[in-house]
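Enquirer: This structure is in structure tokens; I'll ask about it shortly.
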Amino acid sequence: FIYSMVILGTLIVIAWIIQKMYIANQRDVLKYKDNRIKEVTFSLSVIKMIKLFTLENIFLRKINKKRRQELYSMKKLQNIYVLSGFVHWSIPLVLSIVSIGAHTLIFGSLPIENLIMAIEIFDSISYPLYRVPIFVTNLLNTIISMKRIEKFLNVRNIEKQINCGDINDKFAVKINRMNFGIKDKKNRDKIILNDITLEINKEAQDTRTRAVIN
């Protein structure tokens, strides 16, 4: 019994380490999938420009690169999943071999009635141990998905500070020395366009407008 508990504890620790690896690789899969979707979405949004300037091969290489990263991470994730299933499937068999073998080496032959009872006990715990990896995997996927949804919902809304009043009768829209940027991965300001001045004139007899960007 003591040997079996030692082996069971060791296998549980191994299974826990495997699940930690599964979590890390699942996050990598989702990250690479997001990068690939962003690349495809951007390509579709500028498909006319891609066709006009014959940039299909450049965008195709970029998308294929993102896709290869995604497939590689998915392959690693499936290997970890198979390894986790193998460890959990082997727990009842390993426990039975260790228990019966240790008893035979220490106390000699094992009576047939005790052997049958031990086999029935290990067989009864095999199904719960088989269901454990499935439950743990689904639970980890749920936790990761909830964290992604929570991160999305906690993103700050874009504050639009646009003055729509009549600044000047000459201009329909006027922007003076505006900075435009985004937040990087570390939530730091990253200025893309600096010191933008934009003036759109009112056209009395023409619906077209002209803009000057400095």
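Ordered as shown in the structure tokens, chains take letters A, B, and onward, while each chain numbers its residues from 1 and ligands are numbered from 1 in the order shown.
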May I have the residues within 7 Å of segment 56-66 of chain A as a list of chain:residue names, using only C-alpha atoms and disregarding those fewer than 2 positions away in the same chain?

Expert: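 In the requested format, the answer is A:Tyr32, A:Asn35, A:Arg36, A:Glu39, A:Val40, A:Ile50, A:Lys51, A:Thr54, A:Arg68, A:Gln69, A:Glu70.
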
Enquirer: Of the candidates A:Arg131, A:His88, A:Lys38, A:Lys31, which one gets nearest to Leu11 of chain A if we count only C-alpha atoms?

Expert: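 Checking each of A:Arg131, A:His88, A:Lys38, A:Lys31 against Leu11 of chain A, counting only C-alpha atoms, the winner is A:His88.
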